[in-house]
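model_12.cif follows (mmCIF, C-alpha atoms and all ligand atoms):
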data_data
loop_
_atom_site.group_PDB
_atom_site.id
_atom_site.type_symbol
_atom_site.label_atom_id
_atom_site.label_comp_id
_atom_site.auth_asym_id
_atom_site.auth_seq_id
_atom_site.Cartn_x
_atom_site.Cartn_y
_atom_site.Cartn_z
ATOM 1 C CA MET A 1 9.185 -8.687 10.309
ATOM 2 C CA ASN A 2 5.427 -8.384 9.986
ATOM 3 C CA ALA A 3 3.238 -9.641 12.798
ATOM 4 C CA LEU A 4 0.779 -12.464 12.156
ATOM 5 C CA PRO A 5 -1.674 -11.536 9.408
ATOM 6 C CA GLN A 6 -5.009 -10.466 10.863
ATOM 7 C CA HIS A 7 -6.913 -12.441 8.275
ATOM 8 C CA VAL A 8 -5.713 -15.359 6.149
ATOM 9 C CA GLY A 9 -7.665 -16.710 3.180
ATOM 10 C CA ILE A 10 -6.928 -20.105 1.658
ATOM 11 C CA ILE A 11 -7.850 -21.285 -1.838
ATOM 12 C CA MET A 12 -7.957 -24.998 -1.093
ATOM 13 C CA ASP A 13 -7.098 -26.418 -4.495
ATOM 14 C CA GLY A 14 -5.820 -29.718 -5.848
ATOM 15 C CA ASN A 15 -8.036 -32.435 -4.320
ATOM 16 C CA GLY A 16 -8.756 -33.970 -7.725
ATOM 17 C CA ARG A 17 -5.115 -34.021 -8.846
ATOM 18 C CA TRP A 18 -4.027 -35.459 -5.487
ATOM 19 C CA ALA A 19 -6.492 -38.321 -6.013
ATOM 20 C CA ALA A 20 -5.595 -38.856 -9.690
ATOM 21 C CA ARG A 21 -1.923 -39.263 -8.747
ATOM 22 C CA ARG A 22 -2.973 -42.123 -6.483
ATOM 23 C CA GLN A 23 -5.346 -43.646 -9.050
ATOM 24 C CA LEU A 24 -8.248 -42.738 -6.801
ATOM 25 C CA GLY A 25 -11.523 -41.022 -7.689
ATOM 26 C CA ARG A 26 -12.027 -37.284 -7.102
ATOM 27 C CA VAL A 27 -14.330 -38.205 -4.209
ATOM 28 C CA GLU A 28 -11.353 -39.651 -2.309
ATOM 29 C CA GLY A 29 -9.462 -36.436 -2.934
ATOM 30 C CA HIS A 30 -12.259 -34.370 -1.444
ATOM 31 C CA ARG A 31 -12.424 -36.698 1.560
ATOM 32 C CA ALA A 32 -8.693 -36.241 2.163
ATOM 33 C CA GLY A 33 -9.234 -32.505 1.620
ATOM 34 C CA ALA A 34 -11.798 -32.467 4.432
ATOM 35 C CA GLU A 35 -9.138 -33.933 6.759
ATOM 36 C CA ALA A 36 -6.789 -31.131 5.751
ATOM 37 C CA VAL A 37 -9.538 -28.640 6.636
ATOM 38 C CA ARG A 38 -9.738 -30.088 10.146
ATOM 39 C CA ARG A 39 -5.928 -30.054 10.539
ATOM 40 C CA THR A 40 -5.606 -26.501 9.261
ATOM 41 C CA ILE A 41 -8.318 -25.129 11.545
ATOM 42 C CA ARG A 42 -6.599 -26.760 14.514
ATOM 43 C CA ALA A 43 -3.235 -25.321 13.413
ATOM 44 C CA ALA A 44 -4.692 -21.829 12.930
ATOM 45 C CA ARG A 45 -6.188 -21.985 16.422
ATOM 46 C CA GLU A 46 -2.860 -23.139 17.938
ATOM 47 C CA ILE A 47 -0.905 -20.432 16.122
ATOM 48 C CA GLY A 48 -3.354 -17.811 17.355
ATOM 49 C CA LEU A 49 -4.699 -16.513 14.035
ATOM 50 C CA SER A 50 -7.656 -14.215 14.415
ATOM 51 C CA THR A 51 -9.536 -14.982 11.190
ATOM 52 C CA LEU A 52 -9.248 -17.781 8.656
ATOM 53 C CA THR A 53 -11.363 -17.828 5.490
ATOM 54 C CA LEU A 54 -11.493 -21.125 3.616
ATOM 55 C CA TYR A 55 -12.663 -21.131 -0.003
ATOM 56 C CA ALA A 56 -14.707 -24.307 0.157
ATOM 57 C CA PHE A 57 -17.061 -24.007 -2.825
ATOM 58 C CA SER A 58 -17.157 -21.336 -5.501
ATOM 59 C CA ALA A 59 -20.176 -19.914 -7.309
ATOM 60 C CA GLN A 60 -18.676 -21.535 -10.429
ATOM 61 C CA ASN A 61 -18.244 -24.955 -8.774
ATOM 62 C CA TRP A 62 -22.035 -25.488 -9.087
ATOM 63 C CA ALA A 63 -21.352 -26.278 -12.759
ATOM 64 C CA ARG A 64 -19.311 -29.398 -11.869
ATOM 65 C CA PRO A 65 -20.900 -32.845 -12.390
ATOM 66 C CA VAL A 66 -23.995 -33.313 -10.218
ATOM 67 C CA ALA A 67 -22.505 -36.293 -8.356
ATOM 68 C CA GLU A 68 -19.373 -34.327 -7.394
ATOM 69 C CA VAL A 69 -21.417 -31.359 -6.166
ATOM 70 C CA ALA A 70 -23.608 -33.732 -4.134
ATOM 71 C CA HIS A 71 -20.521 -35.317 -2.604
ATOM 72 C CA LEU A 72 -19.016 -31.952 -1.671
ATOM 73 C CA MET A 73 -22.303 -30.937 -0.030
ATOM 74 C CA GLU A 74 -22.367 -34.229 1.865
ATOM 75 C CA LEU A 75 -18.832 -33.607 3.113
ATOM 76 C CA LEU A 76 -19.888 -30.143 4.252
ATOM 77 C CA SER A 77 -22.830 -31.588 6.218
ATOM 78 C CA THR A 78 -20.600 -34.226 7.789
ATOM 79 C CA PHE A 79 -18.021 -31.602 8.711
ATOM 80 C CA LEU A 80 -20.626 -29.398 10.377
ATOM 81 C CA ARG A 81 -22.230 -32.304 12.273
ATOM 82 C CA ASP A 82 -18.911 -33.815 13.403
ATOM 83 C CA GLU A 83 -17.123 -30.602 14.274
ATOM 84 C CA ARG A 84 -19.785 -28.419 15.864
ATOM 85 C CA ASP A 85 -19.011 -29.484 19.453
ATOM 86 C CA GLU A 86 -15.287 -29.210 18.814
ATOM 87 C CA LEU A 87 -15.679 -25.704 17.357
ATOM 88 C CA ALA A 88 -17.827 -24.645 20.312
ATOM 89 C CA LEU A 89 -15.387 -26.155 22.818
ATOM 90 C CA ARG A 90 -12.283 -24.628 21.260
ATOM 91 C CA GLY A 91 -13.668 -21.113 21.094
ATOM 92 C CA ILE A 92 -14.016 -21.032 17.306
ATOM 93 C CA ARG A 93 -16.732 -18.868 15.779
ATOM 94 C CA LEU A 94 -18.221 -19.972 12.469
ATOM 95 C CA VAL A 95 -19.324 -17.406 9.900
ATOM 96 C CA THR A 96 -19.972 -17.790 6.166
ATOM 97 C CA ILE A 97 -19.782 -15.678 3.034
ATOM 98 C CA GLY A 98 -21.425 -16.433 -0.303
ATOM 99 C CA ASP A 99 -24.890 -17.012 -1.695
ATOM 100 C CA GLU A 100 -26.414 -19.303 0.906
ATOM 101 C CA SER A 101 -29.773 -19.255 -0.857
ATOM 102 C CA ARG A 102 -28.346 -21.752 -3.366
ATOM 103 C CA LEU A 103 -27.533 -24.292 -0.629
ATOM 104 C CA ALA A 104 -30.051 -27.009 0.239
ATOM 105 C CA PRO A 105 -32.337 -26.111 3.190
ATOM 106 C CA PRO A 106 -30.946 -28.858 5.508
ATOM 107 C CA ILE A 107 -27.408 -27.496 5.046
ATOM 108 C CA ARG A 108 -28.629 -23.953 5.641
ATOM 109 C CA ASP A 109 -30.327 -25.110 8.839
ATOM 110 C CA LEU A 110 -27.170 -26.863 9.986
ATOM 111 C CA LEU A 111 -25.094 -23.768 9.244
ATOM 112 C CA ASP A 112 -27.545 -21.634 11.239
ATOM 113 C CA ILE A 113 -27.305 -23.988 14.214
ATOM 114 C CA VAL A 114 -23.487 -24.045 14.241
ATOM 115 C CA LYS A 115 -23.266 -20.274 13.730
ATOM 116 C CA ARG A 116 -25.638 -19.705 16.626
ATOM 117 C CA MET A 117 -23.806 -22.238 18.835
ATOM 118 C CA THR A 118 -20.463 -20.515 18.240
ATOM 119 C CA CYS A 119 -21.397 -16.842 17.851
ATOM 120 C CA GLY A 120 -19.909 -15.800 21.205
ATOM 121 C CA ASN A 121 -16.531 -17.452 20.543
ATOM 122 C CA ARG A 122 -13.440 -15.288 20.285
ATOM 123 C CA GLU A 123 -10.376 -17.537 19.819
ATOM 124 C CA LEU A 124 -10.607 -17.866 16.023
ATOM 125 C CA THR A 125 -13.156 -16.772 13.455
ATOM 126 C CA LEU A 126 -13.566 -19.488 10.838
ATOM 127 C CA CYS A 127 -15.198 -18.085 7.732
ATOM 128 C CA LEU A 128 -16.358 -20.622 5.147
ATOM 129 C CA ALA A 129 -16.752 -19.246 1.628
ATOM 130 C CA LEU A 130 -19.648 -21.319 0.282
ATOM 131 C CA SER A 131 -21.260 -20.763 -3.080
ATOM 132 C CA TYR A 132 -18.968 -17.733 -3.047
ATOM 133 C CA GLY A 133 -17.758 -15.575 -5.903
ATOM 134 C CA GLY A 134 -15.845 -12.318 -5.610
ATOM 135 C CA ARG A 135 -17.504 -10.845 -8.699
ATOM 136 C CA GLU A 136 -20.925 -11.939 -7.478
ATOM 137 C CA ALA A 137 -20.246 -10.260 -4.109
ATOM 138 C CA ILE A 138 -19.231 -7.017 -5.851
ATOM 139 C CA VAL A 139 -22.338 -7.115 -8.054
ATOM 140 C CA ALA A 140 -24.551 -7.665 -4.975
ATOM 141 C CA ALA A 141 -22.930 -4.648 -3.285
ATOM 142 C CA ALA A 142 -23.439 -2.521 -6.420
ATOM 143 C CA ARG A 143 -27.080 -3.614 -6.522
ATOM 144 C CA ALA A 144 -27.597 -2.623 -2.875
ATOM 145 C CA LEU A 145 -26.064 0.804 -3.520
ATOM 146 C CA ALA A 146 -28.149 1.266 -6.692
ATOM 147 C CA ARG A 147 -31.238 0.612 -4.580
ATOM 148 C CA ALA A 148 -30.107 3.213 -2.044
ATOM 149 C CA VAL A 149 -29.587 5.728 -4.865
ATOM 150 C CA ALA A 150 -33.068 4.912 -6.249
ATOM 151 C CA GLY A 151 -34.296 5.680 -2.731
ATOM 152 C CA GLY A 152 -32.743 9.134 -2.873
ATOM 153 C CA MET A 153 -29.096 8.718 -1.776
ATOM 154 C CA ASP A 154 -26.589 11.007 -3.532
ATOM 155 C CA PRO A 155 -24.358 8.843 -5.829
ATOM 156 C CA ASP A 156 -21.417 11.095 -4.978
ATOM 157 C CA ALA A 157 -21.718 9.910 -1.381
ATOM 158 C CA ILE A 158 -20.478 6.467 -2.485
ATOM 159 C CA ASP A 159 -16.831 5.887 -1.666
ATOM 160 C CA ALA A 160 -14.663 2.804 -1.117
ATOM 161 C CA ALA A 161 -15.493 2.674 2.588
ATOM 162 C CA MET A 162 -19.229 2.689 1.900
ATOM 163 C CA PHE A 163 -18.827 0.083 -0.843
ATOM 164 C CA GLU A 164 -16.930 -2.136 1.571
ATOM 165 C CA GLU A 165 -19.771 -1.962 4.069
ATOM 166 C CA MET A 166 -22.001 -3.627 1.478
ATOM 167 C CA LEU A 167 -19.718 -6.683 1.175
ATOM 168 C CA ASP A 168 -20.361 -9.731 3.328
ATOM 169 C CA THR A 169 -16.762 -9.575 4.572
ATOM 170 C CA CYS A 170 -17.315 -6.136 6.119
ATOM 171 C CA ALA A 171 -17.304 -7.461 9.676
ATOM 172 C CA LEU A 172 -14.021 -9.349 9.188
ATOM 173 C CA PRO A 173 -10.538 -7.875 9.657
ATOM 174 C CA PRO A 174 -8.641 -6.828 6.495
ATOM 175 C CA LEU A 175 -7.440 -9.746 4.408
ATOM 176 C CA GLU A 176 -3.638 -9.762 4.648
ATOM 177 C CA LEU A 177 -2.548 -13.114 3.239
ATOM 178 C CA ILE A 178 -3.970 -15.380 0.534
ATOM 179 C CA ILE A 179 -2.590 -18.897 0.242
ATOM 180 C CA ARG A 180 -3.296 -21.082 -2.796
ATOM 181 C CA THR A 181 -2.304 -24.717 -2.849
ATOM 182 C CA SER A 182 -1.509 -27.030 -5.738
ATOM 183 C CA GLY A 183 0.467 -24.768 -8.001
ATOM 184 C CA GLU A 184 -2.097 -22.676 -9.876
ATOM 185 C CA LEU A 185 -1.231 -18.965 -9.930
ATOM 186 C CA ARG A 186 -4.660 -17.337 -9.940
ATOM 187 C CA LEU A 187 -7.397 -16.113 -7.624
ATOM 188 C CA SER A 188 -10.333 -17.962 -9.246
ATOM 189 C CA ASN A 189 -12.878 -15.360 -8.087
ATOM 190 C CA PHE A 190 -11.799 -15.424 -4.420
ATOM 191 C CA LEU A 191 -12.188 -12.201 -2.373
ATOM 192 C CA LEU A 192 -11.381 -9.946 -5.349
ATOM 193 C CA TRP A 193 -12.075 -6.636 -3.646
ATOM 194 C CA GLU A 194 -10.454 -7.716 -0.383
ATOM 195 C CA ALA A 195 -7.320 -8.961 -2.181
ATOM 196 C CA ALA A 196 -6.285 -5.399 -3.149
ATOM 197 C CA TYR A 197 -3.314 -5.299 -0.741
ATOM 198 C CA ALA A 198 -3.204 -8.892 0.453
ATOM 199 C CA GLU A 199 0.099 -10.737 0.139
ATOM 200 C CA LEU A 200 -0.096 -13.789 -2.144
ATOM 201 C CA TYR A 201 1.531 -17.112 -1.311
ATOM 202 C CA PHE A 202 1.465 -20.053 -3.695
ATOM 203 C CA THR A 203 2.603 -23.574 -2.904
ATOM 204 C CA GLU A 204 2.852 -26.706 -5.037
ATOM 205 C CA VAL A 205 1.560 -28.780 -2.115
ATOM 206 C CA PRO A 206 -1.921 -30.118 -2.996
ATOM 207 C CA TRP A 207 -4.636 -29.261 -0.483
ATOM 208 C CA PRO A 208 -4.987 -32.800 0.979
ATOM 209 C CA ASP A 209 -1.311 -32.639 2.072
ATOM 210 C CA PHE A 210 -1.629 -29.189 3.677
ATOM 211 C CA GLY A 211 -1.215 -28.816 7.436
ATOM 212 C CA ARG A 212 0.640 -27.054 10.232
ATOM 213 C CA ARG A 213 4.025 -27.165 8.480
ATOM 214 C CA GLU A 214 2.735 -25.556 5.280
ATOM 215 C CA LEU A 215 0.761 -22.939 7.207
ATOM 216 C CA ASP A 216 3.872 -22.080 9.237
ATOM 217 C CA ALA A 217 5.866 -21.726 5.992
ATOM 218 C CA ALA A 218 3.265 -19.339 4.531
ATOM 219 C CA LEU A 219 3.238 -17.251 7.708
ATOM 220 C CA ALA A 220 7.046 -17.151 7.754
ATOM 221 C CA ALA A 221 7.010 -15.865 4.148
ATOM 222 C CA PHE A 222 4.407 -13.252 5.089
ATOM 223 C CA ALA A 223 6.570 -12.082 7.990
ATOM 224 C CA GLN A 224 9.385 -11.271 5.508
ATOM 225 C CA ARG A 225 7.283 -9.347 2.976
ATOM 226 C CA ARG A 226 7.779 -5.612 2.621
ATOM 227 C CA ARG A 227 4.296 -4.164 2.537
ATOM 228 C CA ARG A 228 4.145 -0.652 1.106
ATOM 229 C CA PHE A 229 0.476 0.044 0.261
ATOM 230 C CA GLY A 230 1.559 2.401 -2.515
ATOM 231 C CA LEU A 231 3.852 4.414 -0.257
ATOM 232 C CA THR A 232 7.641 4.638 -0.239
ATOM 233 C CA GLU A 233 9.599 2.775 2.390
ATOM 234 C CA GLU A 234 11.007 5.960 3.909
ATOM 235 C CA PRO A 235 8.603 8.684 4.994
ATOM 236 C CA ALA A 236 8.714 11.135 2.027
ATOM 237 C CA ILE A 237 8.203 14.277 4.024
ATOM 238 C CA ARG A 238 9.707 14.426 7.444
ATOM 239 C CA SER A 239 9.330 17.354 9.744
ATOM 240 C CA PRO A 240 12.521 19.240 10.669
ATOM 241 C CA ALA A 241 12.011 17.953 14.209
ATOM 242 C CA ALA A 242 11.970 14.348 12.976
ATOM 243 C CA ARG A 243 15.116 14.979 10.859
ATOM 244 C CA ALA A 244 17.075 16.401 13.755
ATOM 245 C CA GLY A 245 18.768 13.988 16.063
ATOM 246 C CA PRO A 246 21.733 11.655 16.069
HETATM 247 C C1 LIG B 301 -10.452 -28.168 -4.632
HETATM 248 O O1 LIG B 301 -9.943 -29.209 -5.375
HETATM 249 C C2 LIG B 301 -11.855 -28.427 -4.129
HETATM 250 C C3 LIG B 301 -12.870 -27.562 -4.729
HETATM 251 C C4 LIG B 301 -12.659 -26.683 -5.671
HETATM 252 C C5 LIG B 301 -14.217 -27.705 -4.229
HETATM 253 P P1 LIG B 301 -10.351 -29.462 -6.900
HETATM 254 O O2 LIG B 301 -11.577 -30.309 -6.934
HETATM 255 O O3 LIG B 301 -10.471 -28.175 -7.628
HETATM 256 O O4 LIG B 301 -9.120 -30.298 -7.394
HETATM 257 P P2 LIG B 301 -8.308 -30.115 -8.752
HETATM 258 O O5 LIG B 301 -7.973 -28.656 -8.869
HETATM 259 O O6 LIG B 301 -9.205 -30.593 -9.846
HETATM 260 O O7 LIG B 301 -7.100 -30.965 -8.575
HETATM 261 C C1 LIG B 302 -11.059 -22.567 -6.667
HETATM 262 O O1 LIG B 302 -10.639 -23.753 -7.199
HETATM 263 C C2 LIG B 302 -12.319 -22.786 -5.863
HETATM 264 C C3 LIG B 302 -12.133 -23.422 -4.560
HETATM 265 C C4 LIG B 302 -10.990 -23.767 -4.051
HETATM 266 C C5 LIG B 302 -13.352 -23.650 -3.825
HETATM 267 P P1 LIG B 302 -11.095 -24.242 -8.648
HETATM 268 O O2 LIG B 302 -10.457 -25.545 -8.851
HETATM 269 O O3 LIG B 302 -12.585 -24.201 -8.753
HETATM 270 O O4 LIG B 302 -10.499 -23.108 -9.587
HETATM 271 P P2 LIG B 302 -9.977 -23.189 -11.084
HETATM 272 O O5 LIG B 302 -11.058 -23.876 -11.881
HETATM 273 O O6 LIG B 302 -8.706 -23.971 -11.077
HETATM 274 O O7 LIG B 302 -9.744 -21.763 -11.485
HETATM 275 MG MG MG B 303 -9.176 -27.054 -8.703
#

Starting from the coordinates I provided, produce the structure as structure tokens.
Ligand code: IPE
Ligand code: IPE
Ligand code: MG
Amino acid sequence: MNALPQHVGIIMDGNGRWAARRQLGRVEGHRAGAEAVRRTIRAAREIGLSTLTLYAFSAQNWARPVAEVAHLMELLSTFLRDERDELALRGIRLVTIGDESRLAPPIRDLLDIVKRMTCGNRELTLCLALSYGGREAIVAAARALARAVAGGMDPDAIDAAMFEEMLDTCALPPLELIIRTSGELRLSNFLLWEAAYAELYFTEVPWPDFGRRELDAALAAFAQRRRRFGLTEEPAIRSPAARAGP
């Protein structure tokens, strides 16, 4: 049995299909999805997760129809305005990853306020991936290192640990579980570097129907996984002292 994952990431997919099945517009699906966000944060806090990253808007989602993007941004503003006191009260710290410079200034201001209001909280870190792309994050890190090399750093000094420090997830615990809702079996540019040894959990449940029960099921599956990190299950070389005994 594995303990609770230190860091869970969720690809919240399927709002549009959920709505289409009910003959509703995509907007209604996103609204129901926002309710699932609230439920899932509450569940994560109750369960005692340390860090939850929600993939809310990808770098590629900017290419969706203008009206849909505007609606998603409106839902984000509403979420931040409605939930800030609740987050502060429940000990939840808000952080974000992604290219915030593409967000509208009022949303950036709101994010700054909520991040500042909650920065001392320790119960749960809620990380919103906004205008986020895993490839874009890796390119930004490569660019930062290229600048350091242009400034005189030895390229041979670059290793995985240094690369990781350039990613905006560097202050978060290692990603151990990725959940994707609604049946698609892909990462869609989510935390590509961080996913290296994360366990993957896919469910057919569309995001608007996700909640405590589905999160519990994903955590139960994680608890049963045999994580090897490239090693064998038995220690390959054991000292004679370790081999001796009953
Ligand atoms: C997830 O639901 C929300 C975002 C990607 C912002 P979708 O909008 O992708 O819904 P489907 O996948 O079309 O059903
Ligand atoms: C991934 O879902 C992005 C988010 C959940 C924010 P998409 O719906 O954008 O991904 P694809 O298009 O199915 O790969
Ligand atoms: Mg989708």

Check which residues of segment 118-146 of chain A sit at most 10 Å from segment 155-172 of chain A using all atoms listed in the file, and return one row each with the closest pair of atoms and their distance in Å to one decimal, ordered by chain and rising number, as a Markdown table.
| residue | atom | partner | partner_atom | distance |
| --- | --- | --- | --- | --- |
| A:Thr125 | CA | A:Leu172 | CA | 8.6 |
| A:Cys127 | CA | A:Leu172 | CA | 8.9 |
| A:Gly134 | CA | A:Leu167 | CA | 9.6 |
| A:Ala137 | CA | A:Leu167 | CA | 6.4 |
| A:Ile138 | CA | A:Leu167 | CA | 7.1 |
| A:Val139 | CA | A:Leu167 | CA | 9.6 |
| A:Ala140 | CA | A:Leu167 | CA | 7.9 |
| A:Ala141 | CA | A:Met166 | CA | 5.0 |
| A:Ala142 | CA | A:Phe163 | CA | 7.7 |
| A:Arg143 | CA | A:Met166 | CA | 9.5 |
| A:Ala144 | CA | A:Met166 | CA | 7.2 |
| A:Leu145 | CA | A:Phe163 | CA | 7.7 |
| A:Ala146 | CA | A:Pro155 | CA | 8.5 |

Draw an axis-aligned box over all listed atoms of segment 188-205 of chain A, pad each side with 6 Å, and write its centre and edge lengths in Å, one decimal, as lines of an AutoDock Vina configuration file.
center_x = -5.0
center_y = -17.0
center_z = -4.4
size_x = 27.7
size_y = 35.5
size_z = 21.7

Nearest residue to Leu4 of chain A from the set A:Glu234, A:Glu74, A:Glu176, A:Asp112 (distances using all atoms listed in the file): A:Glu176

Residue among A:Met73, A:Ile113, A:Leu187, A:Cys119 lying closest to ligand LIG 302 (chain B), counting all atoms listed in the file: A:Leu187

Å distance separating atom CA of Gly120 of chain A from atom CA of Arg84 of chain A, one decimal place: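 Atom-to-atom, atom CA of Gly120 of chain A and atom CA of Arg84 of chain A are spaced 13.7 Å apart.
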
Residues in the PyMOL selection byres (((not hetatm)) within 6 of (chain B and resi 302)), expressed as a PyMOL selection string: chain A and resi 11-13+55-58+61+188

9 Å shell around ligand MG 303 (chain B) using all atoms listed in the file, listed as a ChimeraX atom specification: /A:12-17,182,184

Could you write out the selected residues, including C-alpha atoms, as a PDB file, in the coordinates of the input?
ATOM      1  CA  MET A  12      -7.957 -24.998  -1.093  1.00  0.00           C
ATOM      2  CA  ASP A  13      -7.098 -26.418  -4.495  1.00  0.00           C
ATOM      3  CA  GLY A  14      -5.820 -29.718  -5.848  1.00  0.00           C
ATOM      4  CA  ASN A  15      -8.036 -32.435  -4.320  1.00  0.00           C
ATOM      5  CA  GLY A  16      -8.756 -33.970  -7.725  1.00  0.00           C
ATOM      6  CA  ARG A  17      -5.115 -34.021  -8.846  1.00  0.00           C
ATOM      7  CA  SER A 182      -1.509 -27.030  -5.738  1.00  0.00           C
ATOM      8  CA  GLU A 184      -2.097 -22.676  -9.876  1.00  0.00           C
TER       9      GLU A 184
END

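Among A:Glu199, A:Asp154, A:Glu204, A:Glu83, the residue with the shortest atom-to-atom distance to ligand LIG 301 (chain B), counting all atoms listed in the file, is A:Glu204.
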
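Atom CA of Glu35 of chain A to atom CA of Arg22 of chain A spans 16.7 Å [interatomic distance, one decimal].
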
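Atom CA of Ala220 of chain A lies 21.2 Å from atom CA of Glu123 of chain A.
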
I need segment 163-202 of chain A from the structure I supplied, saved as a compact mmCIF listing (two decimals), in the first residue's frame with C-alpha atoms retained.
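So the final result, stored in result.txt, reads:
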# COMPACT_ATOMS: atom_id res chain seq x y z
CA PHE A 163 16.62 21.98 -15.05
CA GLU A 164 13.85 21.24 -12.57
CA GLU A 165 14.67 24.38 -10.62
CA MET A 166 13.81 26.40 -13.72
CA LEU A 167 10.26 24.98 -13.92
CA ASP A 168 7.41 26.80 -12.23
CA THR A 169 6.51 23.61 -10.35
CA CYS A 170 9.89 23.55 -8.59
CA ALA A 171 8.44 24.59 -5.24
CA LEU A 172 5.76 21.88 -5.32
CA PRO A 173 6.20 18.30 -4.09
CA PRO A 174 6.84 15.61 -6.74
CA LEU A 175 3.81 14.81 -8.86
CA GLU A 176 2.74 11.27 -7.95
CA LEU A 177 -0.70 10.82 -9.47
CA ILE A 178 -2.36 12.21 -12.60
CA ILE A 179 -6.10 11.76 -12.99
CA ARG A 180 -7.86 12.38 -16.31
CA THR A 181 -11.62 12.38 -16.55
CA SER A 182 -13.92 11.64 -19.47
CA GLY A 183 -12.18 8.74 -21.10
CA GLU A 184 -9.38 10.25 -23.18
CA LEU A 185 -6.04 8.46 -22.71
CA ARG A 186 -3.54 11.28 -23.17
CA LEU A 187 -1.73 14.01 -21.27
CA SER A 188 -2.63 16.94 -23.57
CA ASN A 189 0.51 18.90 -22.63
CA PHE A 190 -0.02 18.63 -18.85
CA LEU A 191 3.08 18.58 -16.60
CA LEU A 192 5.17 16.64 -19.14
CA TRP A 193 8.46 16.78 -17.26
CA GLU A 194 6.82 16.18 -13.89
CA ALA A 195 4.85 13.18 -15.21
CA ALA A 196 8.04 11.08 -15.61
CA TYR A 197 7.21 8.73 -12.71
CA ALA A 198 3.67 9.79 -11.89
CA GLU A 199 1.01 7.09 -11.79
CA LEU A 200 -1.76 7.60 -14.36
CA TYR A 201 -5.44 7.09 -13.59
CA PHE A 202 -8.13 7.44 -16.23
